[in-house]
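Below you'll find the structure, written out as structure tokens, and then a few comments.
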Amino acid sequence: MKRQQIRKLLLIISLMLFPIIAWYFSPYLIIQGATEGIINGSFIVFCTMLVGSVFFGRMFCGWLCPMGGMQECLMAVNDRPAKQGWRNRIKYIIWTVWIMAVILCFVFHKGKIQMDFFYMTDHGISVADIYNYVIYYGVIFLVLIPAVIGGRRTFCHYFCWMAPFMAIGTKVRKFLHLPGLHIKAEKEKCISCKKCNRSCPMGLDVCTMISEEKDFGTECIQCGVCVDNCPKKALAFRMGYSDKMK
């Protein structure tokens, strides 16, 4: 099975499992748990994403994220690249406000800090009650509407509360000059056919980044679609030190 077929299969499986695993990606449950002095499952998952991204970047977004899978399915509805620039910073504002809220809740909690991975789940299952479907479908539409209106993975670009963790991890790797997964480009092989641009799920201008020898940045989700669509094999996955540390 080819790499992109495997990737899409993993995304579909993750999306199908979302009713079970949804609460492990909940920013609200982290705040609620913090008010009770509880480190819950989503807190641990987000910390794992931060550590993992130091070495693998935003690979979770490209290969395992259930909402990433849904947005790629929605590309059949709207396949336009999402407008970027300053809009990509919206998620960092949301994330900063949320992180401050979490810290304050833990600081003002009186009592011992405990760990409960399955906090607010029924035997580890997120949507175990019929009323939970109201919240579940609220989250679904929160992701669906921007993707339908704005195009490819708009929610990932503008609003995702998990993306900043992995962006920070990627920045930490570059700052500390640590080895990690990245896409290596060979400028001399590029023929500017722009198949990479047309196929990128994140709508990145890959061709320009190759010609200007720029780092792919923190919006790259390591999906490898550009790698697999390049007719001249000018792009390739590499695990190690990046030539570009900018």
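Each chain of the structure tokens is named A, B, ... in the order shown, its residues numbered from 1; ligands are numbered from 1 in display order.
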Close residues, Trp23 of chain A itself excluded, 10 Å, only C-alpha atoms, min 4 positions apart in chain, as a PyMOL selection string: chain A and resi 18-19+27-30+40-42+118-121+124-127+136
Dump all heavy atoms for the selected residues as a short mmCIF file (atom, residue, chain, number, x, y, z; two decimals), in the first residue's frame?
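In the end it all went to result.cif:
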data_model
loop_
_atom_site.label_atom_id
_atom_site.label_comp_id
_atom_site.auth_asym_id
_atom_site.auth_seq_id
_atom_site.Cartn_x
_atom_site.Cartn_y
_atom_site.Cartn_z
N PHE A 18 -13.44 9.04 16.78
CA PHE A 18 -13.56 10.32 17.49
C PHE A 18 -14.62 10.32 18.60
O PHE A 18 -14.38 10.92 19.66
CB PHE A 18 -13.82 11.45 16.49
CG PHE A 18 -13.63 12.82 17.09
CD1 PHE A 18 -12.44 13.16 17.72
CD2 PHE A 18 -14.65 13.76 17.03
CE1 PHE A 18 -12.27 14.41 18.28
CE2 PHE A 18 -14.48 15.02 17.58
CZ PHE A 18 -13.29 15.35 18.21
N PRO A 19 -15.78 9.66 18.44
CA PRO A 19 -16.73 9.63 19.56
C PRO A 19 -16.16 8.99 20.83
O PRO A 19 -16.59 9.31 21.93
CB PRO A 19 -17.91 8.80 19.01
CG PRO A 19 -17.81 8.96 17.53
CD PRO A 19 -16.34 9.01 17.24
N PRO A 27 -9.84 21.03 25.31
CA PRO A 27 -9.24 22.11 26.09
C PRO A 27 -10.10 22.50 27.28
O PRO A 27 -9.58 22.91 28.32
CB PRO A 27 -9.13 23.26 25.08
CG PRO A 27 -10.21 22.99 24.08
CD PRO A 27 -10.32 21.50 23.99
N TYR A 28 -11.42 22.33 27.14
CA TYR A 28 -12.32 22.67 28.24
C TYR A 28 -12.12 21.75 29.43
O TYR A 28 -12.09 22.21 30.59
CB TYR A 28 -13.78 22.61 27.78
CG TYR A 28 -14.75 22.71 28.93
CD1 TYR A 28 -14.98 23.94 29.55
CD2 TYR A 28 -15.42 21.58 29.41
CE1 TYR A 28 -15.86 24.04 30.63
CE2 TYR A 28 -16.29 21.67 30.48
CZ TYR A 28 -16.50 22.89 31.09
OH TYR A 28 -17.34 22.98 32.17
N LEU A 29 -11.96 20.44 29.18
CA LEU A 29 -11.80 19.50 30.30
C LEU A 29 -10.49 19.73 31.05
O LEU A 29 -10.40 19.42 32.23
CB LEU A 29 -11.86 18.06 29.78
CG LEU A 29 -13.25 17.51 29.44
CD1 LEU A 29 -13.19 16.03 29.15
CD2 LEU A 29 -14.24 17.78 30.58
N ILE A 30 -9.49 20.27 30.36
CA ILE A 30 -8.24 20.61 31.06
C ILE A 30 -8.50 21.73 32.06
O ILE A 30 -8.03 21.67 33.21
CB ILE A 30 -7.15 21.02 30.06
CG1 ILE A 30 -6.72 19.83 29.21
CG2 ILE A 30 -5.92 21.59 30.80
CD1 ILE A 30 -5.62 20.13 28.21
N ASN A 40 -5.79 15.67 33.69
CA ASN A 40 -6.62 14.68 33.00
C ASN A 40 -5.96 14.17 31.72
O ASN A 40 -4.82 14.53 31.38
CB ASN A 40 -8.00 15.26 32.71
CG ASN A 40 -7.96 16.32 31.62
OD1 ASN A 40 -6.96 16.99 31.45
ND2 ASN A 40 -9.04 16.44 30.88
N GLY A 41 -6.70 13.34 30.99
CA GLY A 41 -6.17 12.71 29.79
C GLY A 41 -5.74 13.69 28.72
O GLY A 41 -4.68 13.52 28.10
N SER A 42 -6.55 14.72 28.47
CA SER A 42 -6.19 15.67 27.42
C SER A 42 -4.95 16.47 27.79
O SER A 42 -4.15 16.82 26.91
CB SER A 42 -7.36 16.61 27.11
OG SER A 42 -7.91 17.17 28.28
N PHE A 118 -8.73 9.25 32.87
CA PHE A 118 -10.08 9.02 32.36
C PHE A 118 -11.10 9.96 32.99
O PHE A 118 -12.29 9.65 33.04
CB PHE A 118 -10.47 7.57 32.60
CG PHE A 118 -9.56 6.58 31.92
CD1 PHE A 118 -8.73 5.76 32.67
CD2 PHE A 118 -9.52 6.48 30.55
CE1 PHE A 118 -7.89 4.86 32.06
CE2 PHE A 118 -8.68 5.58 29.92
CZ PHE A 118 -7.85 4.77 30.68
N TYR A 119 -10.64 11.11 33.41
CA TYR A 119 -11.51 12.12 34.01
C TYR A 119 -12.68 12.48 33.08
O TYR A 119 -12.48 12.74 31.89
CB TYR A 119 -10.67 13.37 34.31
CG TYR A 119 -11.42 14.57 34.84
CD1 TYR A 119 -11.90 14.59 36.14
CD2 TYR A 119 -11.64 15.68 34.03
CE1 TYR A 119 -12.57 15.69 36.63
CE2 TYR A 119 -12.31 16.80 34.52
CZ TYR A 119 -12.78 16.79 35.82
OH TYR A 119 -13.43 17.90 36.30
N MET A 120 -13.90 12.45 33.62
CA MET A 120 -15.13 12.82 32.91
C MET A 120 -15.43 11.90 31.71
O MET A 120 -16.10 12.31 30.76
CB MET A 120 -15.07 14.28 32.44
CG MET A 120 -15.05 15.29 33.57
SD MET A 120 -16.60 15.34 34.52
CE MET A 120 -17.72 16.07 33.32
N THR A 121 -14.93 10.68 31.74
CA THR A 121 -15.30 9.71 30.71
C THR A 121 -15.95 8.50 31.38
O THR A 121 -15.71 8.24 32.57
CB THR A 121 -14.09 9.23 29.89
OG1 THR A 121 -13.20 8.50 30.74
CG2 THR A 121 -13.35 10.40 29.27
N GLY A 124 -13.59 5.26 30.01
CA GLY A 124 -12.66 5.70 28.98
C GLY A 124 -13.31 6.15 27.69
O GLY A 124 -12.61 6.59 26.78
N ILE A 125 -14.63 6.06 27.59
CA ILE A 125 -15.34 6.44 26.37
C ILE A 125 -15.89 7.85 26.52
O ILE A 125 -16.55 8.18 27.51
CB ILE A 125 -16.48 5.45 26.07
CG1 ILE A 125 -15.91 4.05 25.83
CG2 ILE A 125 -17.30 5.91 24.86
CD1 ILE A 125 -16.95 2.97 25.67
N SER A 126 -15.64 8.69 25.54
CA SER A 126 -16.02 10.09 25.63
C SER A 126 -17.52 10.30 25.48
O SER A 126 -18.19 10.84 26.36
CB SER A 126 -15.28 10.90 24.55
OG SER A 126 -13.88 10.82 24.74
N VAL A 127 -18.08 9.89 24.34
CA VAL A 127 -19.50 10.11 24.09
C VAL A 127 -20.26 8.85 24.51
O VAL A 127 -20.61 8.01 23.68
CB VAL A 127 -19.76 10.45 22.61
CG1 VAL A 127 -21.23 10.81 22.39
CG2 VAL A 127 -18.89 11.62 22.17
N TYR A 136 -20.58 16.90 21.22
CA TYR A 136 -19.82 16.25 20.16
C TYR A 136 -20.08 16.90 18.80
O TYR A 136 -19.15 17.28 18.09
CB TYR A 136 -20.17 14.76 20.12
CG TYR A 136 -19.59 14.02 18.94
CD1 TYR A 136 -18.24 13.66 18.92
CD2 TYR A 136 -20.38 13.67 17.84
CE1 TYR A 136 -17.70 12.98 17.85
CE2 TYR A 136 -19.84 12.99 16.76
CZ TYR A 136 -18.51 12.65 16.77
OH TYR A 136 -17.97 11.98 15.70
#
Non-local contacts of Ala236 of chain A (8 Å; only C-alpha atoms; under 2 positions in same chain excluded) as a PyMOL selection string: chain A and resi 183-185+227+233-234+238
Nearby residues (only C-alpha atoms) at most 9 Å from Ser14 of chain A, same-chain spacing under 5 positions excluded, as a VMD selection string: chain A and resid 9 21 64 to 67 69
Alpha helix (DSSP H) per DSSP on the backbone: members of segment 17-245 of chain A, as a VMD selection string: chain A and resid 18 to 21 27 to 35 41 to 56 59 to 63 66 to 73 90 to 108 132 to 150 154 to 158 163 to 176 195 to 199 206 to 211 225 to 229
Distance table requested - segment 49-123 of chain A against segment 204-220 of chain A, cut-off 8 Å, only C-alpha atoms: one row per qualifying residue with the closest atom pair and its distance in Å to one decimal, ordered by chain and rising residue number, as CSV.
residue,atom,partner,partner_atom,distance
A:Gly57,CA,A:Thr218,CA,7.7
A:Arg58,CA,A:Cys220,CA,6.9
A:Pro81,CA,A:Leu204,CA,7.7
With N, CA and C atoms retained, write the just-selected residues as a PDB file, in the first residue's frame.
ATOM      1  N   GLY A  57       7.744  17.128  14.426  1.00  0.00           N
ATOM      2  CA  GLY A  57       6.977  18.264  13.936  1.00  0.00           C
ATOM      3  C   GLY A  57       5.485  18.043  14.105  1.00  0.00           C
ATOM      4  N   ARG A  58       4.708  18.531  13.152  1.00  0.00           N
ATOM      5  CA  ARG A  58       3.255  18.390  13.223  1.00  0.00           C
ATOM      6  C   ARG A  58       2.766  17.130  12.505  1.00  0.00           C
ATOM      7  N   PRO A  81      -7.195  26.707  -1.430  1.00  0.00           N
ATOM      8  CA  PRO A  81      -6.240  26.911  -0.323  1.00  0.00           C
ATOM      9  C   PRO A  81      -6.761  27.994   0.618  1.00  0.00           C
TER      10      PRO A  81
END
Polymer residues at most 10 Å from Met239 of chain A, only C-alpha atoms, same-chain spacing of 2 or more positions, as a list in words: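 These residues fall inside the cut-off: Phe55, Phe56, Pro179, Gly180, Leu181, His182, Ile183, Lys184, Phe237, Tyr241 and Ser242 of chain A.
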Selection to disk with all heavy atoms, as a tab-separated table (two decimals), in the first residue's frame:
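This went into part09.tsv:
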chain	number	residue	atom	x	y	z
A	55	PHE	N	10.68	16.17	17.75
A	55	PHE	CA	11.36	15.25	16.84
A	55	PHE	C	10.56	14.94	15.56
A	55	PHE	O	11.15	14.55	14.55
A	55	PHE	CB	11.68	13.94	17.55
A	55	PHE	CG	12.51	14.14	18.80
A	55	PHE	CD1	11.92	14.14	20.05
A	55	PHE	CD2	13.88	14.38	18.70
A	55	PHE	CE1	12.68	14.34	21.19
A	55	PHE	CE2	14.65	14.59	19.83
A	55	PHE	CZ	14.05	14.58	21.08
A	56	PHE	N	9.24	15.14	15.61
A	56	PHE	CA	8.42	14.77	14.45
A	56	PHE	C	7.57	15.92	13.90
A	56	PHE	O	6.78	15.71	12.99
A	56	PHE	CB	7.50	13.60	14.82
A	56	PHE	CG	8.25	12.36	15.21
A	56	PHE	CD1	8.38	12.00	16.55
A	56	PHE	CD2	8.87	11.57	14.25
A	56	PHE	CE1	9.08	10.87	16.92
A	56	PHE	CE2	9.57	10.43	14.62
A	56	PHE	CZ	9.68	10.08	15.95
A	179	PRO	N	18.09	16.87	16.03
A	179	PRO	CA	17.64	16.16	14.82
A	179	PRO	C	16.13	15.92	14.87
A	179	PRO	O	15.54	15.78	15.94
A	179	PRO	CB	18.41	14.83	14.89
A	179	PRO	CG	18.66	14.63	16.36
A	179	PRO	CD	18.86	16.00	16.93
A	180	GLY	N	15.51	15.89	13.71
A	180	GLY	CA	14.07	15.64	13.66
A	180	GLY	C	13.61	15.37	12.24
A	180	GLY	O	14.38	15.52	11.28
A	181	LEU	N	12.35	14.99	12.11
A	181	LEU	CA	11.78	14.72	10.80
A	181	LEU	C	11.52	16.03	10.07
A	181	LEU	O	10.95	16.97	10.63
A	181	LEU	CB	10.47	13.94	10.96
A	181	LEU	CG	9.79	13.50	9.67
A	181	LEU	CD1	10.61	12.42	8.97
A	181	LEU	CD2	8.39	12.97	9.97
A	182	HIS	N	11.94	16.10	8.83
A	182	HIS	CA	11.69	17.29	8.03
A	182	HIS	C	11.69	16.91	6.55
A	182	HIS	O	12.06	15.80	6.18
A	182	HIS	CB	12.75	18.38	8.29
A	182	HIS	CG	14.14	17.96	7.94
A	182	HIS	ND1	14.92	17.16	8.77
A	182	HIS	CD2	14.91	18.20	6.84
A	182	HIS	CE1	16.09	16.95	8.20
A	182	HIS	NE2	16.12	17.57	7.03
A	183	ILE	N	11.24	17.84	5.72
A	183	ILE	CA	11.24	17.61	4.28
A	183	ILE	C	12.42	18.35	3.67
A	183	ILE	O	12.55	19.57	3.83
A	183	ILE	CB	9.91	18.07	3.64
A	183	ILE	CG1	8.78	17.18	4.16
A	183	ILE	CG2	9.99	18.00	2.12
A	183	ILE	CD1	7.40	17.59	3.70
A	184	LYS	N	13.27	17.60	3.01
A	184	LYS	CA	14.46	18.18	2.37
A	184	LYS	C	14.17	18.45	0.90
A	184	LYS	O	13.61	17.60	0.20
A	184	LYS	CB	15.64	17.23	2.51
A	184	LYS	CG	16.94	17.76	1.91
A	184	LYS	CD	18.07	16.78	2.13
A	184	LYS	CE	19.36	17.25	1.46
A	184	LYS	NZ	19.82	18.54	1.97
A	237	PHE	N	11.54	13.00	2.53
A	237	PHE	CA	11.57	12.98	3.99
A	237	PHE	C	12.99	12.71	4.47
A	237	PHE	O	13.70	11.87	3.91
A	237	PHE	CB	10.66	11.88	4.53
A	237	PHE	CG	9.22	12.29	4.72
A	237	PHE	CD1	8.21	11.56	4.13
A	237	PHE	CD2	8.88	13.39	5.50
A	237	PHE	CE1	6.89	11.92	4.30
A	237	PHE	CE2	7.57	13.76	5.68
A	237	PHE	CZ	6.57	13.02	5.08
A	241	TYR	N	19.36	16.32	11.01
A	241	TYR	CA	19.52	17.75	11.16
A	241	TYR	C	19.12	18.45	9.87
A	241	TYR	O	19.48	18.02	8.78
A	241	TYR	CB	20.97	18.08	11.51
A	241	TYR	CG	21.41	17.54	12.84
A	241	TYR	CD1	22.06	16.30	12.92
A	241	TYR	CD2	21.16	18.24	14.01
A	241	TYR	CE1	22.45	15.78	14.16
A	241	TYR	CE2	21.56	17.73	15.24
A	241	TYR	CZ	22.20	16.50	15.30
A	241	TYR	OH	22.58	15.99	16.53
A	242	SER	N	18.36	19.50	10.01
A	242	SER	CA	17.92	20.28	8.84
A	242	SER	C	19.03	21.23	8.42
A	242	SER	O	19.73	21.81	9.25
A	242	SER	CB	16.65	21.07	9.17
A	242	SER	OG	16.30	21.90	8.09
Nearest candidate to Met70 of chain A (options A:Arg153, A:His123, A:Lys83, A:Arg173; using only C-alpha atoms):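 Checking each candidate against Met70 of chain A, we get A:Arg153 as the closest.
Near Ile6 of chain A, within 12 Å and counting only C-alpha atoms, sit Ile12, Ile13, Gly62, Trp63, Leu64, Cys223, Gly224 and Val225 of chain A; same-chain residues fewer than 6 positions away were not included.
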Report as a Markdown table: every residue of segment 19-81 of chain A with an atom at most 12 Å from segment 90-103 of chain A, its closest pair of atoms, and their distance in Å to one decimal, counting only C-alpha atoms, with rows sorted by chain and ascending residue number.
| residue | atom | partner | partner_atom | distance |
| --- | --- | --- | --- | --- |
| A:Ser26 | CA | A:Trp98 | CA | 11.6 |
| A:Pro27 | CA | A:Trp98 | CA | 7.8 |
| A:Tyr28 | CA | A:Trp98 | CA | 8.9 |
| A:Leu29 | CA | A:Val102 | CA | 10.1 |
| A:Ile30 | CA | A:Val102 | CA | 7.0 |
| A:Ile31 | CA | A:Val102 | CA | 5.2 |
| A:Gln32 | CA | A:Val102 | CA | 8.7 |
| A:Gly33 | CA | A:Val102 | CA | 9.1 |
| A:Ala34 | CA | A:Val102 | CA | 6.3 |
| A:Thr35 | CA | A:Val102 | CA | 8.3 |
| A:Glu36 | CA | A:Val102 | CA | 11.3 |
| A:Gly37 | CA | A:Val102 | CA | 10.5 |
| A:Ile38 | CA | A:Val102 | CA | 11.2 |
| A:Ile39 | CA | A:Val102 | CA | 10.6 |
| A:Phe43 | CA | A:Val102 | CA | 10.0 |
| A:Phe46 | CA | A:Ile99 | CA | 11.6 |
Atomic separation - atom CA of Ala22 of chain A relative to atom CA of Tyr131 of chain A, Å: 14.4 Å
Minimum-distance residue to Pro201 of chain A, chosen among A:Ile130, A:Ile135, A:Ile20, A:Cys61 (using only C-alpha atoms): A:Cys61
DSSP-assigned strand (DSSP E or B) among segment 72-207 of chain A, expressed as number ranges by chain: A: 81, 114-116, 122, 125, 152, 180-185
Distance query segment 139-151 of chain A at most 7 Å, only C-alpha atoms, self and fewer than 3 positions along chain excluded, as a ChimeraX atom specification: /A:71,74-75,77-82,135-136,154-155
Those residues you just picked out, can you put them in a file as a tab-separated table (two decimals), in the first residue's frame with N, CA and C atoms?
chain	number	residue	atom	x	y	z
A	71	GLN	N	-11.42	17.26	7.72
A	71	GLN	CA	-11.19	18.40	6.84
A	71	GLN	C	-10.67	17.96	5.47
A	74	LEU	N	-13.55	17.02	3.53
A	74	LEU	CA	-14.30	18.21	3.12
A	74	LEU	C	-13.64	18.95	1.97
A	75	MET	N	-12.42	18.55	1.61
A	75	MET	CA	-11.79	19.15	0.43
A	75	MET	C	-12.58	18.83	-0.83
A	77	VAL	N	-15.65	19.31	-0.96
A	77	VAL	CA	-16.64	20.38	-0.98
A	77	VAL	C	-15.99	21.71	-1.34
A	78	ASN	N	-14.86	22.00	-0.71
A	78	ASN	CA	-14.13	23.25	-0.98
A	78	ASN	C	-12.64	22.94	-0.99
A	79	ASP	N	-12.05	22.98	-2.17
A	79	ASP	CA	-10.64	22.61	-2.33
A	79	ASP	C	-9.72	23.83	-2.49
A	80	ARG	N	-10.27	25.02	-2.21
A	80	ARG	CA	-9.42	26.22	-2.31
A	80	ARG	C	-8.42	26.26	-1.17
A	81	PRO	N	-7.20	26.71	-1.43
A	81	PRO	CA	-6.24	26.91	-0.32
A	81	PRO	C	-6.76	27.99	0.62
A	82	ALA	N	-6.65	27.77	1.91
A	82	ALA	CA	-7.09	28.76	2.89
A	82	ALA	C	-6.20	29.99	2.84
A	135	ILE	N	-22.64	18.19	22.58
A	135	ILE	CA	-21.28	18.74	22.63
A	135	ILE	C	-20.46	18.20	21.46
A	136	TYR	N	-20.58	16.90	21.22
A	136	TYR	CA	-19.82	16.25	20.16
A	136	TYR	C	-20.08	16.90	18.80
A	154	THR	N	-8.85	24.92	6.99
A	154	THR	CA	-8.93	26.27	7.55
A	154	THR	C	-8.88	26.24	9.07
A	155	PHE	N	-9.56	25.28	9.68
A	155	PHE	CA	-9.55	25.19	11.14
A	155	PHE	C	-8.13	24.99	11.66
Point-to-point distance in Å for atom CA of Leu11 of chain A and atom CA of Arg89 of chain A: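 So the two atoms, atom CA of Arg89 of chain A and atom CA of Leu11 of chain A, lie 25.3 Å apart.
Interatomic distance, atom CA of His109 of chain A against atom CA of Asp129 of chain A: 28.8 Å.
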